[in-house]
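Printed here is start.cif (mmCIF, C-alpha atoms):
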data_query
loop_
_atom_site.group_PDB
_atom_site.id
_atom_site.type_symbol
_atom_site.label_atom_id
_atom_site.label_comp_id
_atom_site.auth_asym_id
_atom_site.auth_seq_id
_atom_site.Cartn_x
_atom_site.Cartn_y
_atom_site.Cartn_z
ATOM 1 C CA MET W 1 -17.684 10.835 14.229
ATOM 2 C CA ASN W 2 -18.153 9.568 17.790
ATOM 3 C CA ARG W 3 -16.046 10.141 20.923
ATOM 4 C CA THR W 4 -14.425 6.690 20.664
ATOM 5 C CA PHE W 5 -13.105 7.492 17.187
ATOM 6 C CA PHE W 6 -11.551 10.785 18.349
ATOM 7 C CA ILE W 7 -9.903 9.054 21.335
ATOM 8 C CA GLY W 8 -8.471 6.434 18.986
ATOM 9 C CA LEU W 9 -7.287 9.099 16.568
ATOM 10 C CA ALA W 10 -5.555 10.997 19.383
ATOM 11 C CA ALA W 11 -3.723 7.814 20.340
ATOM 12 C CA VAL W 12 -2.584 7.396 16.735
ATOM 13 C CA TRP W 13 -1.237 10.946 16.633
ATOM 14 C CA LEU W 14 0.673 10.510 19.902
ATOM 15 C CA ALA W 15 2.239 7.278 18.702
ATOM 16 C CA ALA W 16 2.974 8.837 15.318
ATOM 17 C CA ALA W 17 4.752 11.728 17.013
ATOM 18 C CA ALA W 18 7.047 9.240 18.737
ATOM 19 C CA GLN W 19 7.797 7.679 15.362
ATOM 20 C CA ALA W 20 8.510 11.073 13.823
ATOM 21 C CA LYS W 21 11.154 11.885 16.469
ATOM 22 C CA GLU W 22 13.184 8.967 15.191
ATOM 23 C CA GLY W 23 13.433 10.470 11.705
ATOM 24 C CA VAL W 24 11.554 11.082 8.496
ATOM 25 C CA VAL W 25 9.697 8.091 7.052
ATOM 26 C CA GLN W 26 10.769 7.225 3.517
ATOM 27 C CA CYS W 27 8.667 5.125 1.140
ATOM 28 C CA ALA W 28 9.953 3.239 -1.887
ATOM 29 C CA ASN W 29 8.519 2.640 -5.346
ATOM 30 C CA LEU W 30 9.746 -0.804 -6.396
ATOM 31 C CA ILE W 31 11.501 -1.667 -9.647
ATOM 32 C CA TYR W 32 10.899 -5.365 -10.290
ATOM 33 C CA GLY W 33 10.941 -8.088 -12.925
ATOM 34 C CA GLY W 34 13.484 -6.233 -15.017
ATOM 35 C CA THR W 35 12.280 -2.665 -15.618
ATOM 36 C CA HIS W 36 8.694 -2.839 -14.340
ATOM 37 C CA THR W 37 7.730 -0.011 -11.977
ATOM 38 C CA SER W 38 4.894 2.362 -11.200
ATOM 39 C CA ARG W 39 4.747 5.596 -13.147
ATOM 40 C CA CYS W 40 1.262 6.685 -12.098
ATOM 41 C CA PHE W 41 0.957 5.957 -8.364
ATOM 42 C CA SER W 42 0.394 9.308 -6.670
ATOM 43 C CA ASP W 43 2.588 10.209 -3.699
ATOM 44 C CA GLU W 44 0.069 12.836 -2.565
ATOM 45 C CA PHE W 45 -0.915 10.653 0.407
ATOM 46 C CA LEU W 46 2.556 11.267 1.864
ATOM 47 C CA SER W 47 1.823 14.993 1.981
ATOM 48 C CA ALA W 48 -1.653 14.271 3.359
ATOM 49 C CA ILE W 49 -0.097 12.324 6.236
ATOM 50 C CA GLN W 50 2.035 15.373 7.054
ATOM 51 C CA ARG W 51 -1.148 17.459 7.202
ATOM 52 C CA ASP W 52 -3.353 14.998 9.070
ATOM 53 C CA THR W 53 -0.935 13.444 11.593
ATOM 54 C CA ALA W 54 2.343 14.115 13.385
ATOM 55 C CA ILE W 55 4.235 11.650 11.167
ATOM 56 C CA ALA W 56 7.106 13.224 9.234
ATOM 57 C CA THR W 57 7.425 11.776 5.730
ATOM 58 C CA GLU W 58 9.488 12.332 2.635
ATOM 59 C CA ARG W 59 6.998 13.677 0.136
ATOM 60 C CA ARG W 60 8.346 11.754 -2.849
ATOM 61 C CA PHE W 61 8.936 8.042 -3.379
ATOM 62 C CA LYS W 62 12.435 6.684 -3.757
ATOM 63 C CA SER W 63 12.883 4.272 -6.676
ATOM 64 C CA VAL W 64 14.400 1.042 -5.339
ATOM 65 C CA LYS W 65 15.178 -2.251 -7.040
ATOM 66 C CA LEU W 66 13.473 -5.179 -5.356
ATOM 67 C CA ALA W 67 16.680 -7.205 -5.746
ATOM 68 C CA SER W 68 18.770 -4.503 -4.035
ATOM 69 C CA GLU W 69 19.832 -4.520 -0.401
ATOM 70 C CA ASP W 70 18.483 -0.956 -0.276
ATOM 71 C CA LEU W 71 15.020 -2.487 0.041
ATOM 72 C CA PHE W 72 15.623 -3.160 3.732
ATOM 73 C CA ASN W 73 16.115 0.560 4.459
ATOM 74 C CA PHE W 74 12.430 1.320 3.856
ATOM 75 C CA PRO W 75 9.538 0.459 6.205
ATOM 76 C CA PHE W 76 6.932 0.835 3.446
ATOM 77 C CA VAL W 77 7.065 0.074 -0.285
ATOM 78 C CA ILE W 78 4.597 0.189 -3.156
ATOM 79 C CA ILE W 79 4.299 -2.003 -6.224
ATOM 80 C CA THR W 80 1.920 -1.602 -9.135
ATOM 81 C CA GLY W 81 1.791 -1.972 -12.898
ATOM 82 C CA GLU W 82 -0.272 -2.703 -15.977
ATOM 83 C CA ALA W 83 1.193 -5.889 -17.509
ATOM 84 C CA ASP W 84 2.202 -9.471 -16.797
ATOM 85 C CA PHE W 85 5.490 -9.917 -14.928
ATOM 86 C CA HIS W 86 7.636 -12.459 -13.089
ATOM 87 C CA PHE W 87 9.840 -11.830 -10.077
ATOM 88 C CA THR W 88 13.368 -13.163 -10.292
ATOM 89 C CA ALA W 89 14.514 -15.708 -7.700
ATOM 90 C CA LYS W 90 16.478 -13.000 -5.884
ATOM 91 C CA GLU W 91 13.471 -10.670 -5.888
ATOM 92 C CA ARG W 92 11.291 -13.391 -4.366
ATOM 93 C CA ASP W 93 13.899 -14.086 -1.698
ATOM 94 C CA HIS W 94 14.275 -10.400 -0.842
ATOM 95 C CA LEU W 95 10.555 -9.699 -0.709
ATOM 96 C CA LYS W 96 9.792 -12.627 1.576
ATOM 97 C CA LYS W 97 12.644 -11.713 3.949
ATOM 98 C CA TYR W 98 11.554 -8.065 3.883
ATOM 99 C CA LEU W 99 7.966 -8.873 4.827
ATOM 100 C CA GLN W 100 8.962 -11.385 7.496
ATOM 101 C CA SER W 101 11.302 -8.864 9.124
ATOM 102 C CA GLY W 102 8.755 -6.056 9.545
ATOM 103 C CA GLY W 103 8.482 -4.452 6.105
ATOM 104 C CA PHE W 104 5.155 -3.545 4.525
ATOM 105 C CA LEU W 105 3.982 -3.804 0.890
ATOM 106 C CA LEU W 106 1.128 -1.831 -0.686
ATOM 107 C CA ALA W 107 0.154 -3.290 -4.071
ATOM 108 C CA SER W 108 -2.360 -2.229 -6.683
ATOM 109 C CA ALA W 109 -3.285 -3.377 -10.174
ATOM 110 C CA GLY W 110 -2.969 -0.196 -12.233
ATOM 111 C CA CYS W 111 -6.092 0.446 -14.317
ATOM 112 C CA SER W 112 -7.526 -2.790 -12.825
ATOM 113 C CA ASN W 113 -5.226 -4.632 -15.229
ATOM 114 C CA LYS W 114 -6.128 -8.343 -15.266
ATOM 115 C CA ASP W 115 -2.702 -9.512 -16.452
ATOM 116 C CA TRP W 116 -0.977 -7.713 -13.581
ATOM 117 C CA ASP W 117 -3.594 -9.006 -11.131
ATOM 118 C CA ARG W 118 -2.973 -12.623 -12.183
ATOM 119 C CA ALA W 119 0.801 -12.152 -12.041
ATOM 120 C CA PHE W 120 0.733 -10.611 -8.555
ATOM 121 C CA ARG W 121 -1.551 -13.347 -7.199
ATOM 122 C CA ARG W 122 0.719 -15.990 -8.703
ATOM 123 C CA GLU W 123 3.797 -14.450 -7.071
ATOM 124 C CA MET W 124 2.117 -14.151 -3.654
ATOM 125 C CA LYS W 125 1.008 -17.788 -3.910
ATOM 126 C CA THR W 126 4.579 -18.783 -4.721
ATOM 127 C CA LEU W 127 5.893 -16.885 -1.674
ATOM 128 C CA PHE W 128 3.238 -17.723 0.904
ATOM 129 C CA GLY W 129 1.377 -20.814 -0.308
ATOM 130 C CA ASP W 130 -2.021 -21.205 1.366
ATOM 131 C CA ASN W 131 -1.334 -18.121 3.503
ATOM 132 C CA ASP W 132 -1.720 -15.860 0.502
ATOM 133 C CA LEU W 133 -4.216 -13.072 -0.175
ATOM 134 C CA LYS W 134 -7.418 -12.960 1.879
ATOM 135 C CA LYS W 135 -10.173 -10.329 1.886
ATOM 136 C CA ILE W 136 -9.771 -7.611 4.537
ATOM 137 C CA GLU W 137 -13.122 -6.999 6.189
ATOM 138 C CA MET W 138 -14.301 -3.416 6.724
ATOM 139 C CA GLU W 139 -14.101 -3.915 10.507
ATOM 140 C CA HIS W 140 -10.308 -4.165 10.307
ATOM 141 C CA PRO W 141 -8.330 -1.381 12.094
ATOM 142 C CA ILE W 142 -6.802 -0.377 8.757
ATOM 143 C CA PHE W 143 -10.063 1.369 7.898
ATOM 144 C CA ARG W 144 -9.981 3.670 10.940
ATOM 145 C CA THR W 145 -6.357 4.570 11.791
ATOM 146 C CA VAL W 146 -6.802 8.186 10.639
ATOM 147 C CA HIS W 147 -9.893 8.400 8.435
ATOM 148 C CA ALA W 148 -13.092 6.540 9.286
ATOM 149 C CA ILE W 149 -13.627 4.685 5.998
ATOM 150 C CA LYS W 150 -17.005 2.998 5.814
ATOM 151 C CA ASP W 151 -16.783 1.815 2.217
ATOM 152 C CA LEU W 152 -14.521 1.753 -0.832
ATOM 153 C CA LYS W 153 -15.935 3.841 -3.649
ATOM 154 C CA LEU W 154 -15.247 2.736 -7.211
ATOM 155 C CA GLN W 155 -14.952 5.130 -10.131
ATOM 156 C CA HIS W 156 -17.208 2.754 -12.082
ATOM 157 C CA PRO W 157 -19.288 0.827 -9.514
ATOM 158 C CA THR W 158 -19.724 -2.293 -11.657
ATOM 159 C CA ALA W 159 -17.993 -4.616 -9.177
ATOM 160 C CA GLU W 160 -17.309 -4.933 -5.456
ATOM 161 C CA ALA W 161 -14.336 -2.868 -4.325
ATOM 162 C CA ARG W 162 -12.226 -4.666 -1.751
ATOM 163 C CA LEU W 163 -8.801 -4.828 -0.194
ATOM 164 C CA GLU W 164 -6.969 -8.111 0.285
ATOM 165 C CA GLY W 165 -4.056 -8.849 2.551
ATOM 166 C CA ILE W 166 -1.428 -11.247 3.826
ATOM 167 C CA GLU W 167 -0.531 -11.633 7.506
ATOM 168 C CA VAL W 168 2.765 -12.722 9.018
ATOM 169 C CA ASP W 169 2.627 -13.697 12.704
ATOM 170 C CA GLY W 170 -0.802 -12.082 13.025
ATOM 171 C CA LYS W 171 0.274 -8.742 11.519
ATOM 172 C CA LEU W 172 -0.926 -7.518 8.158
ATOM 173 C CA VAL W 173 2.164 -7.000 5.966
ATOM 174 C CA VAL W 174 0.665 -6.872 2.454
ATOM 175 C CA VAL W 175 -2.348 -4.891 1.318
ATOM 176 C CA TYR W 176 -3.538 -5.399 -2.255
ATOM 177 C CA SER W 177 -6.305 -3.924 -4.375
ATOM 178 C CA PRO W 178 -7.284 -5.473 -7.720
ATOM 179 C CA HIS W 179 -8.697 -2.030 -8.471
ATOM 180 C CA GLY W 180 -6.484 1.041 -8.731
ATOM 181 C CA LEU W 181 -5.280 2.702 -5.540
ATOM 182 C CA ASN W 182 -3.139 4.967 -7.711
ATOM 183 C CA ASP W 183 -5.081 8.176 -6.954
ATOM 184 C CA THR W 184 -4.377 9.337 -10.515
ATOM 185 C CA GLY W 185 -6.282 12.572 -9.935
ATOM 186 C CA HIS W 186 -3.158 13.785 -8.122
ATOM 187 C CA THR W 187 -0.649 12.659 -10.765
ATOM 188 C CA GLU W 188 0.251 14.687 -13.831
ATOM 189 C CA GLY W 189 -0.340 13.039 -17.193
ATOM 190 C CA CYS W 190 -1.931 9.867 -15.734
ATOM 191 C CA CYS W 191 -5.418 8.441 -15.907
ATOM 192 C CA CYS W 192 -7.102 5.145 -15.196
ATOM 193 C CA CYS W 193 -6.900 4.188 -18.888
ATOM 194 C CA GLY W 194 -10.458 2.901 -19.079
ATOM 195 C CA GLY W 195 -10.019 0.691 -16.037
ATOM 196 C CA ASN W 196 -11.423 1.172 -12.569
ATOM 197 C CA GLU W 197 -10.082 3.040 -9.558
ATOM 198 C CA ILE W 198 -10.973 3.459 -5.896
ATOM 199 C CA VAL W 199 -12.097 7.070 -5.677
ATOM 200 C CA ASN W 200 -11.258 7.542 -1.988
ATOM 201 C CA SER W 201 -7.796 5.995 -2.427
ATOM 202 C CA LEU W 202 -6.025 9.047 -0.944
ATOM 203 C CA GLN W 203 -7.661 8.432 2.443
ATOM 204 C CA VAL W 204 -7.206 4.664 2.098
ATOM 205 C CA ASN W 205 -3.477 5.032 1.415
ATOM 206 C CA VAL W 206 -3.057 7.389 4.381
ATOM 207 C CA ASN W 207 -4.688 4.804 6.640
ATOM 208 C CA ILE W 208 -2.570 1.966 5.254
ATOM 209 C CA LEU W 209 0.745 3.741 5.844
ATOM 210 C CA VAL W 210 -0.209 4.767 9.381
ATOM 211 C CA TYR W 211 -1.283 1.196 10.110
ATOM 212 C CA ALA W 212 2.027 -0.116 8.754
ATOM 213 C CA LEU W 213 3.987 2.187 11.068
ATOM 214 C CA LEU W 214 1.979 1.736 14.243
ATOM 215 C CA TYR W 215 0.849 -1.889 14.348
#

Show this structure as structure tokens.
Amino acid sequence: MNRTFFIGLAAVWLAAAAQAKEGVVQCANLIYGGTHTSRCFSDEFLSAIQRDTAIATERRFKSVKLASEDLFNFPFVIITGEADFHFTAKERDHLKKYLQSGGFLLASAGCSNKDWDRAFRREMKTLFGDNDLKKIEMEHPIFRTVHAIKDLKLQHPTAEARLEGIEVDGKLVVVYSPHGLNDTGHTEGCCCCGGNEIVNSLQVNVNILVYALLY
């Protein structure tokens, strides 16, 4: 790692310390489309952020309904799953308002599930039209907020691993992976179910949350 990276990392830690003084960061695991929710997305990255930065985090997700007003109490939420789904009209309205008012969504197709991938893309297209998911290039700051990530490593390297995102007013507010970011190695009783997973997802998720808080 070069001197420029360490200077940038120090700046992140100082800014993160200022955030931490304001309180502990809580992250939500969304319940959506009825009873859909993530059961295998590891929250280990929240503990890793405590170790690697000055950001104070709750170490467990809070389960929150997308249609609930409680959504707006969380700066960072995750959504994932392994089946087709549809947001309700109220869920669509809440999610769009949440993202336009400074909230951040991390999304991942559990087990690289194609049905979930199609459903999520359809919902993002409904919400944002032509300003929907675009590939995030590896030069983006999200890949160097805490860890210097040079590539995304797939469990089964049969395809290109990538992150995609949506910007609102020039700020990235949605990050999506069609491959698993679940980090199932740190979850009890979960696996990738024959799908594919980004092996360095722990470091990726740390970077994403820090980006969401500081940019």

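Residue nearest Thr158 in chain W, chosen from W:Asn196, W:Asn113, W:Ser38, W:Ser108 and counting all atoms listed in the file: W:Asn196.
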
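Note that the spacing between CA of Glu82 in chain W and CA of Glu197 in chain W amounts to 13.1 Å.
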
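Picture a line from CA of Lys114 in chain W to CA of Ser201 in chain W; it runs 19.3 Å.
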
*Which is closer to Tyr176 in chain W than all the others in W:Phe120, W:Phe128, W:Tyr211, W:Phe143, using all atoms listed in the file?*
W:Phe120

*Selection dump of the PyMOL selection byres ((chain W and resi 207) around 8), as a PyMOL selection string*: chain W and resi 142-147+203-206+208-211

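Residues lying within 9 Å of Asp132 in chain W, counting all atoms listed in the file and ignoring same-chain neighbours fewer than 3 positions away, are Arg121, Met124, Lys125, Thr126, Leu127, Phe128, Gly129, Gly165, Ile166 and Glu167 of chain W.
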
*Name the closest residue to Lys90 in chain W among the candidates W:Asp115, W:Glu69, W:Glu160, W:Asp183; distances are taken between atoms, counting only C-alpha atoms.*
W:Glu69

*Using the chain letters and residue numbers of this document, give as JSON, numbers by chain the residues selected by the PyMOL selection byres ((chain W and resi 172) around 10).*
{"W": [99, 102, 104, 105, 136, 142, 164, 165, 166, 167, 168, 169, 170, 171, 173, 174, 175, 211, 212, 215]}

With 6 Å on each side, where is the centre of the axis-aligned box around all listed atoms of range 108-120 of chain W, and how long are its edges in Å to one decimal, as AutoDock Vina command-line options?
--center_x -3.4 --center_y -6.1 --center_z -11.6 --size_x 20.3 --size_y 25.1 --size_z 21.8

*Among listed residues W:Thr80, W:Ser68, W:Asn131, W:Thr57, nearest His179 in chain W (using only C-alpha atoms)*: W:Thr80

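For the structure shown here, the set of residues caught by the PyMOL selection byres ((chain W and resi 66) around 8) is W:Leu30, W:Ile31, W:Tyr32, W:Val64, W:Lys65, W:Ala67, W:Ser68, W:Leu71, W:Glu91, W:His94, W:Leu95.
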
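The list of residues with at least one atom within 8 Å of His86 in chain W, based on only C-alpha atoms and without residues fewer than 4 positions apart in the same chain, reads Gly33, Ala119 and Glu123 of chain W.
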
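Take the candidates W:Val77, W:Ala48, W:Ala89, W:Ala161 and check each one against Ser177 in chain W using all atoms listed in the file; the shortest distance goes to W:Ala161.
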
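Counting from CA of Phe45 in chain W, the distance to CA of Glu58 in chain W is 10.8 Å.
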
_I want to know what sits within 9 Å of Cys27 in chain W, based on only C-alpha atoms, with residues of the same chain fewer than 5 positions away left out; could you give that as a count of residues only?_
13

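When all atoms listed in the file are used to measure the gap to Asp117 in chain W, the shortest distance among W:Val199, W:Leu133, W:Leu154, W:Ala28 belongs to W:Leu133.
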